[in-house]
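Enquirer: Dumping the structure here so I can ask a few things about it.
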Amino acid sequence: MFFVALVVDGMLAGTLYALIALAFVVVYKASRIINFALGEWVMLGSRLAAAGFYALHLGRAAALAAGCAGMALLGIVFNRLVLQRLVGQPLIALIMVTLGLGALVRGAAALAFRGIPGAVPLAIPQAPVMLAGIAISADKLAAAVIAAAAIGGVSWFFQRSRTGLALRAIADDQQVAMAMGIDIGRHFSIAWALVGVVAVLAGTLWTAASGGGFGLVLVGLKVFPVVIVGGLDSIPGTIAGALLIGVLESLAAGYLDPLLGGGFSTVAAYLVLLGMLFARPYGLFGRPHVERV
């Protein structure tokens, strides 16, 4: 029963990891940009929603909508004013820009949201839910269900919508996409706006279920093993990798931390990451990069 409880808890956490990781994969699939400020985006999204709820006294839905609008606007402005000016520049320039943005967001958020609680509570009963004799936190279960619905929505967007099809075409070959009349700048803005919306949902759900506040920046670092294990450009791989990492961390916390010392579960995912880089660098569901010579 202890093993089953750990697996269930890990899967609930993995669902939230998957939603956070989607904010990474959305940008990479569209533009091949690695966003190293992901943790800061998720933290800022949760803080904007919390500010709307506590400071502006909006309802939960209105606070989330305001946070999504603010983060979507940030994504569009960042893409148009910064990233589009770096087209054709070395990859290291794009990496340094995202790192710089992350540092700016961390410093500004600590000042702007001082004194505002970091979590928007979910409107559900706090009593644990009993499932097959296992007590499950109501907050974690509700957050996982909402996250799963959001993941399904993003997956549908990429697979079924015309905009999602255009973003996938851009990811495959930008020159061909431009020749077919796809406005790359506009679709990059859409991708970054979507990242902002996902960041608000992921950050709000994570803080409601697990707390975190400004510590969400560290949660963003946990996403990198997820996307590497699953595959940088694969949404199904991201979901599978997130569930795998979530269960692994939960089992390590339950069985290995008492033997090896607390904290081993926090590095277990990175050990899997190293193994994956050696065995299958493009991930479980990723596509190997093939060049014709």
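In the structure tokens, the first chain shown is A, the next is B, and so on; residue numbers restart at 1 for each chain, and ligands run from 1 in the order shown.
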Tell me which protein, DNA and RNA residues are within 6 Å of region 217-233 of chain A, counting only C-alpha atoms, leaving out same-chain ones fewer than 6 positions away, and put them as number ranges by chain.
Expert: A: 21, 29, 38-40, 241-242, 273, 282-286
Enquirer: Excluding Val105 (chain A) and residues on its chain fewer than 5 positions from it, collect all residues at most 12 Å away from it, counting only C-alpha atoms, and give them as a VMD selection string.
Expert: chain A and resid 37 to 45 47 71 74 98 to 100 110 to 113 214 217
Enquirer: Do a neighbour search on Phe53 (chain A) at 8 Å with only C-alpha atoms, toss out local chain neighbours closer than 5 positions, and write the hits as a list in words.
Expert: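 What passes the distance filter is Leu58, Gly59, Arg60, Ala63 and Val120 of chain A.
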Enquirer: Write out as a list in words all residues of region 53-228 of chain A that DSSP puts in strand (DSSP E) for this structure's backbone.
Expert: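 Restricting region 53-228 of chain A to strand (DSSP E) produces Val129, Met130, Leu131, Ile134, Ala135 and Ile136 of chain A.
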Enquirer: Keeping C-alpha atoms, export the residues of the selection given above as a CSV table (one decimal), in the first residue's frame.
Expert:
chain,number,residue,atom,x,y,z
A,129,VAL,CA,-10.0,12.1,-0.8
A,130,MET,CA,-10.0,8.4,-0.1
A,131,LEU,CA,-9.3,6.3,-3.2
A,134,ILE,CA,-5.3,5.7,-0.1
A,135,ALA,CA,-5.7,9.3,1.3
A,136,ILE,CA,-5.0,11.8,-1.5
Enquirer: Determine, using only C-alpha atoms, which residues of region 87-181 of chain A have any atom at most 10 Å from an atom of region 185-194 of chain A, and tabulate each with its shortest atom pair and distance in Å to one decimal place, rows ordered by chain and then rising number, as JSON lines.
Expert:
{"residue": "A:Val154", "atom": "CA", "partner": "A:Leu194", "partner_atom": "CA", "distance": 8.8}
{"residue": "A:Thr163", "atom": "CA", "partner": "A:His187", "partner_atom": "CA", "distance": 7.5}
{"residue": "A:Gly164", "atom": "CA", "partner": "A:His187", "partner_atom": "CA", "distance": 9.1}
{"residue": "A:Ala166", "atom": "CA", "partner": "A:His187", "partner_atom": "CA", "distance": 7.7}
{"residue": "A:Leu167", "atom": "CA", "partner": "A:His187", "partner_atom": "CA", "distance": 6.6}
{"residue": "A:Ile170", "atom": "CA", "partner": "A:His187", "partner_atom": "CA", "distance": 8.7}
Enquirer: Hey, which of A:Val27, A:Met276, A:Val176, A:Met1 ends up closest to Ala132 (chain A)? Count only C-alpha atoms.
Expert: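 When distances to Ala132 (chain A) are compared using only C-alpha atoms, the smallest one comes from A:Met1.
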Enquirer: Interatomic distance between CA of Thr207 (chain A) and CA of Ala119 (chain A)?
Expert: 5.1 Å
Enquirer: May I ask which of the residues A:Ala108, A:Ala51, A:Ile235, A:Ile34 is the closest one to Ile92 (chain A), counting only C-alpha atoms?
Expert: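 Smallest separation from Ile92 (chain A) among the options: A:Ile34.
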Enquirer: Name the residues of region 1-241 of chain A that come out as alpha helix (DSSP H) in a backbone DSSP run; write them as a ChimeraX atom specification.
Expert: /A:2-31,38-54,60-81,91-112,138-160,162-172,174-179,184-210,216-230,235-241
Enquirer: Figure out the distance between CA of Gly52 (chain A) and CA of Asn79 (chain A), please, to one decimal in Å.
Expert: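 That distance, rounded to one decimal, is 24.7 Å.
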Enquirer: Using Å and a single decimal, report how far CA of Ile146 (chain A) sits from CA of Phe3 (chain A).
Expert: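 The value is 24.9 Å.
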Enquirer: Ranking A:Ala65, A:Ala49, A:Val198, A:Leu101 by minimum distance to Ala150 (chain A) and counting only C-alpha atoms, which one comes first?
Expert: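 Answer, going by the shortest atom-to-atom distance: A:Val198.
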